[in-house]
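K.L.:
Got a file for you: protein_1.pdb, PDB, C-alpha atoms, pLDDT in the B column.
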ATOM      1  CA  MET A   1      21.222  21.025 -22.519  1.00 43.00           C
ATOM      2  CA  THR A   2      17.857  21.651 -20.851  1.00 46.00           C
ATOM      3  CA  LYS A   3      16.097  18.975 -18.909  1.00 44.00           C
ATOM      4  CA  PRO A   4      12.902  17.787 -20.609  1.00 52.00           C
ATOM      5  CA  ALA A   5       9.667  18.830 -18.948  1.00 83.00           C
ATOM      6  CA  LEU A   6       7.750  16.293 -16.934  1.00 91.00           C
ATOM      7  CA  PRO A   7       5.045  14.400 -18.808  1.00 94.00           C
ATOM      8  CA  THR A   8       1.601  15.994 -18.639  1.00 95.00           C
ATOM      9  CA  LYS A   9       0.229  13.388 -16.222  1.00 97.00           C
ATOM     10  CA  ASP A  10       3.073  14.026 -13.746  1.00 97.00           C
ATOM     11  CA  ARG A  11       2.649  17.801 -14.034  1.00 96.00           C
ATOM     12  CA  LEU A  12      -1.066  17.441 -13.293  1.00 97.00           C
ATOM     13  CA  ILE A  13      -0.388  15.267 -10.238  1.00 97.00           C
ATOM     14  CA  GLN A  14       2.265  17.580  -8.806  1.00 95.00           C
ATOM     15  CA  SER A  15       0.197  20.688  -9.485  1.00 96.00           C
ATOM     16  CA  ALA A  16      -2.822  19.088  -7.840  1.00 95.00           C
ATOM     17  CA  ALA A  17      -0.780  18.081  -4.791  1.00 94.00           C
ATOM     18  CA  HIS A  18       0.487  21.644  -4.411  1.00 92.00           C
ATOM     19  CA  LEU A  19      -2.835  23.372  -5.067  1.00 93.00           C
ATOM     20  CA  PHE A  20      -4.911  21.027  -2.887  1.00 92.00           C
ATOM     21  CA  ARG A  21      -2.370  21.429  -0.072  1.00 88.00           C
ATOM     22  CA  THR A  22      -2.446  25.216  -0.205  1.00 87.00           C
ATOM     23  CA  ARG A  23      -6.113  25.821  -1.108  1.00 89.00           C
ATOM     24  CA  GLY A  24      -7.918  22.623  -0.151  1.00 87.00           C
ATOM     25  CA  TYR A  25      -9.789  20.345  -2.509  1.00 90.00           C
ATOM     26  CA  HIS A  26     -12.820  22.605  -2.908  1.00 91.00           C
ATOM     27  CA  GLY A  27     -10.679  25.712  -3.401  1.00 92.00           C
ATOM     28  CA  VAL A  28      -9.227  24.420  -6.664  1.00 94.00           C
ATOM     29  CA  GLY A  29     -11.043  24.401  -9.971  1.00 95.00           C
ATOM     30  CA  LEU A  30     -10.237  22.432 -13.095  1.00 94.00           C
ATOM     31  CA  ALA A  31      -9.011  25.575 -14.852  1.00 96.00           C
ATOM     32  CA  ASP A  32      -6.610  26.211 -11.927  1.00 96.00           C
ATOM     33  CA  LEU A  33      -5.199  22.696 -12.258  1.00 96.00           C
ATOM     34  CA  LEU A  34      -4.729  22.928 -16.019  1.00 96.00           C
ATOM     35  CA  THR A  35      -3.151  26.383 -15.843  1.00 96.00           C
ATOM     36  CA  ASP A  36      -0.747  25.477 -13.046  1.00 95.00           C
ATOM     37  CA  ALA A  37       0.282  22.250 -14.800  1.00 96.00           C
ATOM     38  CA  LYS A  38       0.537  23.993 -18.177  1.00 95.00           C
ATOM     39  CA  ALA A  39      -1.584  21.156 -19.519  1.00 95.00           C
ATOM     40  CA  PRO A  40      -3.888  21.103 -22.533  1.00 93.00           C
ATOM     41  CA  LYS A  41      -7.625  21.170 -21.847  1.00 87.00           C
ATOM     42  CA  GLY A  42      -8.445  17.545 -22.678  1.00 91.00           C
ATOM     43  CA  SER A  43      -5.498  16.088 -20.800  1.00 94.00           C
ATOM     44  CA  LEU A  44      -7.159  15.952 -17.383  1.00 94.00           C
ATOM     45  CA  TYR A  45      -9.892  13.521 -18.436  1.00 95.00           C
ATOM     46  CA  HIS A  46      -7.501  11.666 -20.721  1.00 96.00           C
ATOM     47  CA  HIS A  47      -5.265  10.766 -17.769  1.00 97.00           C
ATOM     48  CA  PHE A  48      -7.937  10.830 -15.047  1.00 96.00           C
ATOM     49  CA  PRO A  49     -11.270   9.594 -16.463  1.00 95.00           C
ATOM     50  CA  ASN A  50     -13.231  10.573 -13.311  1.00 92.00           C
ATOM     51  CA  GLY A  51     -11.637  14.012 -13.368  1.00 92.00           C
ATOM     52  CA  LYS A  52     -10.739  15.885 -10.219  1.00 94.00           C
ATOM     53  CA  SER A  53     -11.505  12.996  -7.843  1.00 92.00           C
ATOM     54  CA  ASP A  54      -9.141  10.613  -9.671  1.00 95.00           C
ATOM     55  CA  LEU A  55      -6.512  13.343  -9.746  1.00 96.00           C
ATOM     56  CA  ALA A  56      -6.950  13.890  -5.981  1.00 95.00           C
ATOM     57  CA  ILE A  57      -6.266  10.210  -5.296  1.00 96.00           C
ATOM     58  CA  ALA A  58      -3.159  10.334  -7.519  1.00 97.00           C
ATOM     59  CA  ALA A  59      -1.934  13.559  -5.873  1.00 96.00           C
ATOM     60  CA  ALA A  60      -2.396  12.125  -2.369  1.00 95.00           C
ATOM     61  CA  THR A  61      -0.525   8.967  -3.409  1.00 97.00           C
ATOM     62  CA  TRP A  62       2.314  11.042  -4.880  1.00 97.00           C
ATOM     63  CA  ALA A  63       2.587  13.086  -1.651  1.00 94.00           C
ATOM     64  CA  SER A  64       2.489   9.896   0.411  1.00 96.00           C
ATOM     65  CA  ASP A  65       5.300   8.375  -1.626  1.00 97.00           C
ATOM     66  CA  GLY A  66       7.412  11.390  -0.691  1.00 94.00           C
ATOM     67  CA  MET A  67       6.616  10.909   2.977  1.00 95.00           C
ATOM     68  CA  LEU A  68       7.525   7.221   2.760  1.00 97.00           C
ATOM     69  CA  ARG A  69      10.916   8.231   1.341  1.00 97.00           C
ATOM     70  CA  VAL A  70      11.437  10.697   4.216  1.00 96.00           C
ATOM     71  CA  ILE A  71      10.581   7.986   6.759  1.00 97.00           C
ATOM     72  CA  ALA A  72      12.934   5.467   5.141  1.00 98.00           C
ATOM     73  CA  ALA A  73      15.775   8.009   4.942  1.00 98.00           C
ATOM     74  CA  SER A  74      15.250   8.967   8.579  1.00 97.00           C
ATOM     75  CA  PHE A  75      15.654   5.421   9.845  1.00 97.00           C
ATOM     76  CA  ASP A  76      18.368   4.402   7.386  1.00 96.00           C
ATOM     77  CA  GLY A  77      21.539   3.944   9.396  1.00 92.00           C
ATOM     78  CA  ALA A  78      19.865   4.705  12.744  1.00 97.00           C
ATOM     79  CA  ASP A  79      21.228   2.735  15.680  1.00 97.00           C
ATOM     80  CA  THR A  80      18.003   2.908  17.685  1.00 97.00           C
ATOM     81  CA  PHE A  81      14.324   3.537  17.081  1.00 97.00           C
ATOM     82  CA  GLU A  82      14.612   6.793  19.009  1.00 95.00           C
ATOM     83  CA  ASP A  83      17.492   7.959  16.771  1.00 97.00           C
ATOM     84  CA  GLY A  84      15.441   7.285  13.635  1.00 97.00           C
ATOM     85  CA  ALA A  85      12.317   8.916  15.061  1.00 96.00           C
ATOM     86  CA  THR A  86      14.347  11.956  16.134  1.00 96.00           C
ATOM     87  CA  THR A  87      15.816  12.268  12.637  1.00 97.00           C
ATOM     88  CA  LEU A  88      12.288  12.004  11.215  1.00 97.00           C
ATOM     89  CA  CYS A  89      11.130  14.864  13.444  1.00 95.00           C
ATOM     90  CA  TYR A  90      14.067  17.004  12.334  1.00 96.00           C
ATOM     91  CA  LYS A  91      13.503  16.211   8.649  1.00 95.00           C
ATOM     92  CA  LEU A  92       9.827  17.132   8.943  1.00 94.00           C
ATOM     93  CA  ALA A  93      10.697  20.380  10.717  1.00 94.00           C
ATOM     94  CA  LYS A  94      13.109  21.233   7.905  1.00 94.00           C
ATOM     95  CA  LEU A  95      10.444  20.364   5.334  1.00 90.00           C
ATOM     96  CA  PHE A  96       7.982  22.595   7.186  1.00 90.00           C
ATOM     97  CA  ASP A  97      10.479  25.466   7.109  1.00 90.00           C
ATOM     98  CA  LEU A  98      11.491  24.995   3.483  1.00 87.00           C
ATOM     99  CA  SER A  99       8.110  24.395   1.950  1.00 77.00           C
ATOM    100  CA  GLY A 100       5.828  26.488   4.105  1.00 72.00           C
ATOM    101  CA  TRP A 101       3.318  23.653   4.066  1.00 66.00           C
ATOM    102  CA  ASP A 102       0.104  24.870   5.586  1.00 69.00           C
ATOM    103  CA  THR A 103      -1.400  21.461   6.096  1.00 75.00           C
ATOM    104  CA  CYS A 104      -0.826  17.793   5.554  1.00 77.00           C
ATOM    105  CA  PRO A 105      -1.264  17.229   1.799  1.00 77.00           C
ATOM    106  CA  ILE A 106      -3.256  14.068   2.470  1.00 85.00           C
ATOM    107  CA  ALA A 107      -5.693  15.738   4.855  1.00 83.00           C
ATOM    108  CA  SER A 108      -6.199  18.794   2.648  1.00 80.00           C
ATOM    109  CA  THR A 109      -6.904  16.574  -0.342  1.00 83.00           C
ATOM    110  CA  LEU A 110      -8.809  13.612   1.030  1.00 85.00           C
ATOM    111  CA  PHE A 111     -10.496  14.931   4.177  1.00 82.00           C
ATOM    112  CA  GLU A 112     -11.419  18.319   2.768  1.00 76.00           C
ATOM    113  CA  GLY A 113     -12.599  16.768  -0.479  1.00 69.00           C
ATOM    114  CA  PRO A 114     -15.963  15.200  -1.089  1.00 71.00           C
ATOM    115  CA  ASP A 115     -17.242  13.173   1.828  1.00 72.00           C
ATOM    116  CA  ASN A 116     -16.999   9.772   0.216  1.00 83.00           C
ATOM    117  CA  THR A 117     -15.857   6.315   1.118  1.00 88.00           C
ATOM    118  CA  ARG A 118     -13.238   6.166  -1.638  1.00 90.00           C
ATOM    119  CA  PHE A 119     -11.364   9.199  -0.272  1.00 91.00           C
ATOM    120  CA  ARG A 120     -11.596   8.014   3.345  1.00 91.00           C
ATOM    121  CA  ASP A 121     -10.453   4.500   2.430  1.00 93.00           C
ATOM    122  CA  HIS A 122      -7.494   5.903   0.507  1.00 94.00           C
ATOM    123  CA  ALA A 123      -6.504   8.139   3.438  1.00 93.00           C
ATOM    124  CA  LYS A 124      -6.633   5.111   5.742  1.00 95.00           C
ATOM    125  CA  HIS A 125      -4.480   3.146   3.283  1.00 97.00           C
ATOM    126  CA  ILE A 126      -1.909   5.959   3.107  1.00 96.00           C
ATOM    127  CA  TYR A 127      -1.711   6.537   6.854  1.00 96.00           C
ATOM    128  CA  ASP A 128      -1.561   2.802   7.566  1.00 97.00           C
ATOM    129  CA  GLY A 129       1.327   2.657   5.077  1.00 97.00           C
ATOM    130  CA  TRP A 130       3.233   5.364   6.955  1.00 97.00           C
ATOM    131  CA  ILE A 131       2.715   3.544  10.242  1.00 97.00           C
ATOM    132  CA  ALA A 132       3.779   0.242   8.667  1.00 98.00           C
ATOM    133  CA  GLU A 133       6.950   1.853   7.267  1.00 97.00           C
ATOM    134  CA  VAL A 134       7.917   3.099  10.728  1.00 98.00           C
ATOM    135  CA  GLN A 135       6.964  -0.268  12.224  1.00 98.00           C
ATOM    136  CA  VAL A 136       9.297  -2.143   9.854  1.00 97.00           C
ATOM    137  CA  HIS A 137      12.190   0.023  11.009  1.00 97.00           C
ATOM    138  CA  ALA A 138      11.168  -0.314  14.659  1.00 97.00           C
ATOM    139  CA  ALA A 139      11.218  -4.113  14.375  1.00 97.00           C
ATOM    140  CA  ARG A 140      14.538  -4.005  12.513  1.00 97.00           C
ATOM    141  CA  LEU A 141      15.947  -1.968  15.380  1.00 97.00           C
ATOM    142  CA  GLY A 142      14.961  -4.600  17.937  1.00 96.00           C
ATOM    143  CA  LEU A 143      11.512  -3.620  19.191  1.00 97.00           C
ATOM    144  CA  SER A 144       9.012  -6.417  19.777  1.00 97.00           C
ATOM    145  CA  GLU A 145       6.116  -6.631  17.320  1.00 96.00           C
ATOM    146  CA  GLU A 146       3.701  -5.173  19.868  1.00 97.00           C
ATOM    147  CA  GLU A 147       6.054  -2.352  20.893  1.00 97.00           C
ATOM    148  CA  ALA A 148       6.896  -1.586  17.254  1.00 97.00           C
ATOM    149  CA  GLN A 149       3.182  -1.220  16.452  1.00 97.00           C
ATOM    150  CA  ARG A 150       2.495   0.930  19.495  1.00 97.00           C
ATOM    151  CA  LYS A 151       5.466   3.235  18.961  1.00 96.00           C
ATOM    152  CA  SER A 152       4.814   3.539  15.230  1.00 97.00           C
ATOM    153  CA  GLU A 153       1.245   4.657  15.846  1.00 97.00           C
ATOM    154  CA  ARG A 154       2.467   7.063  18.526  1.00 96.00           C
ATOM    155  CA  VAL A 155       4.965   8.615  16.108  1.00 96.00           C
ATOM    156  CA  PHE A 156       2.172   9.102  13.579  1.00 95.00           C
ATOM    157  CA  VAL A 157      -0.160  10.727  16.115  1.00 96.00           C
ATOM    158  CA  LEU A 158       2.617  12.977  17.420  1.00 95.00           C
ATOM    159  CA  ILE A 159       3.614  14.070  13.925  1.00 93.00           C
ATOM    160  CA  GLN A 160       0.041  14.837  12.855  1.00 92.00           C
ATOM    161  CA  GLY A 161      -0.655  16.771  16.055  1.00 92.00           C
ATOM    162  CA  GLY A 162       2.755  18.412  15.966  1.00 93.00           C
ATOM    163  CA  TRP A 163       2.220  19.568  12.381  1.00 90.00           C
ATOM    164  CA  THR A 164      -1.110  21.138  13.349  1.00 89.00           C
ATOM    165  CA  LEU A 165       0.436  22.935  16.324  1.00 92.00           C
ATOM    166  CA  ALA A 166       3.400  24.068  14.174  1.00 92.00           C
ATOM    167  CA  ARG A 167       0.913  25.596  11.739  1.00 88.00           C
ATOM    168  CA  ALA A 168      -0.938  27.378  14.535  1.00 89.00           C
ATOM    169  CA  ARG A 169       2.285  28.731  16.051  1.00 91.00           C
ATOM    170  CA  HIS A 170       3.965  29.396  12.696  1.00 90.00           C
ATOM    171  CA  SER A 171       7.007  27.560  14.013  1.00 92.00           C
ATOM    172  CA  SER A 172       8.642  24.241  13.266  1.00 93.00           C
ATOM    173  CA  GLU A 173      10.143  24.058  16.754  1.00 94.00           C
ATOM    174  CA  ILE A 174       7.269  21.902  17.959  1.00 94.00           C
ATOM    175  CA  LEU A 175       8.258  19.298  15.344  1.00 94.00           C
ATOM    176  CA  ARG A 176      11.850  19.271  16.556  1.00 94.00           C
ATOM    177  CA  ASP A 177      10.678  18.959  20.148  1.00 94.00           C
ATOM    178  CA  LEU A 178       8.529  15.926  19.416  1.00 93.00           C
ATOM    179  CA  ARG A 179      11.601  13.773  20.087  1.00 88.00           C
ATOM    180  CA  HIS A 180      11.098  14.477  23.789  1.00 89.00           C
ATOM    181  CA  MET A 181       7.596  12.959  23.618  1.00 89.00           C
ATOM    182  CA  LEU A 182       8.612   9.690  21.984  1.00 81.00           C
TER     183      LEU A 182
END
How would this structure read if it were set down as structure tokens?
P.N.:
Amino acid sequence: MTKPALPTKDRLIQSAAHLFRTRGYHGVGLADLLTDAKAPKGSLYHHFPNGKSDLAIAAATWASDGMLRVIAASFDGADTFEDGATTLCYKLAKLFDLSGWDTCPIASTLFEGPDNTRFRDHAKHIYDGWIAEVQVHAARLGLSEEEAQRKSERVFVLIQGGWTLARARHSSEILRDLRHML
């Protein structure tokens, strides 16, 4: 028995996340989105009344939800903050290798999109959510509130910078080596 296809809205979101990540917001047209998602013409505005910008917000949220799951899985069962952060670095390196991600899907969608407050505010919300997820685990693993905040922000900065350097070097090794900078 074949698995049913994803609903049109989900196909549009996943296609947008992929296309925006690989081509940037401005490099993707509406026809590209509809073709990649195998979606009927009117479906984009049916599900996303403001069109491409609404779809970009949904795609960034979908990508962020995946990152939140990676963070949670990395710290699940860790004995120390460093163990969880090291696992996170390894998981991201593996993701880099498997997916060939050229850029952070949030940055390519929200920072390379239209220069507007809505996109910037949503990026801040997403990144603050990633930091908060790490911070929850840091506190659970015994770090003080202040140290948990500081280390969580440091992990975020290291990962973002590490991802950029991995792209430039075409190697995920920098992501694995981030554990030495924690």
K.L.:
Would you tabulate, counting all atoms listed in the file, all residues of stretch 69-132 of chain A that have an atom at most 8 Å from an atom of stretch 145-155 of chain A, showing the closest pair of atoms and their distance in Å to one decimal, sorted by chain then ascending number, as JSON lines?
P.N.:
{"residue": "A:Ala85", "atom": "CA", "partner": "A:Val155", "partner_atom": "CA", "distance": 7.4}
{"residue": "A:Ile131", "atom": "CA", "partner": "A:Ser152", "partner_atom": "CA", "distance": 5.4}
{"residue": "A:Ala132", "atom": "CA", "partner": "A:Ser152", "partner_atom": "CA", "distance": 7.4}
K.L.:
Do you have the atom CA of A:Met67-atom CA of A:Tyr127 distance handy?
P.N.:
10.2 Å
K.L.:
Suppose you want the space between atom CA of A:Trp130 and atom CA of A:Cys89; what is it in Å?
P.N.:
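These two atoms are separated by 14.0 Å.
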K.L.:
Would you work out the distance separating atom CA of A:Ser108 from atom CA of A:Gly24, expressed in Å to one decimal?
P.N.:
5.0 Å
K.L.:
Looking at all atoms listed in the file, which of A:His180, A:Arg167, A:Arg118, A:Lys52 is the one that sits closest to A:Leu30?
P.N.:
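Of the candidates, the smallest distance to A:Leu30 is held by A:Lys52.
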K.L.:
Which residues, written as a ChimeraX atom specification, have at least one atom at most 9 Å from A:Leu68, with all atoms listed in the file counted and residues fewer than 2 positions away on the same chain left out?
P.N.:
/A:63-66,70-73,129-130,133-134
K.L.:
On this file, the PyMOL selection byres ((chain A and resi 166) around 12) gives some set of residues; write that set as a ChimeraX atom specification.
P.N.:
/A:92-97,100-104,158-165,167-178
K.L.:
Selection in question (the file shown): the PyMOL selection byres ((chain A and resi 18) around 10). Which residues does it include, as a ChimeraX atom specification?
P.N.:
/A:12-17,19-24,33,36,59,63,101,105,109
K.L.:
Any chance you could work out the residue set of the PyMOL selection byres ((chain A and resi 84) around 10) here, as a ChimeraX atom specification?
P.N.:
/A:71-83,85-90,134,137-138,141,179
K.L.:
Excluding A:Ser43 and its own-chain neighbours fewer than 2 positions away, which residues fall within 9 Å of it when counting all atoms listed in the file? Please give them as a VMD selection string.
P.N.:
chain A and resid 8 to 9 12 34 39 to 41 45 to 48
K.L.:
Between A:Arg69, A:Ala31, A:Ile106, A:Phe119, which one has atoms that come closest to A:Asp54, using only C-alpha atoms?
P.N.:
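Among the listed residues, the smallest separation from A:Asp54 belongs to A:Phe119.
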K.L.:
For A:Met181, which of A:Val157, A:Leu98, A:Asp115, A:Tyr25 is the closest residue, counting all atoms listed in the file?
P.N.:
A:Val157
K.L.:
Rank nothing, just name the residue among A:Ser99, A:Leu44, A:Leu182, A:Ala56 nearest to A:His26, using all atoms listed in the file.
P.N.:
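When distances to A:His26 are compared using all atoms listed in the file, the smallest one comes from A:Ala56.
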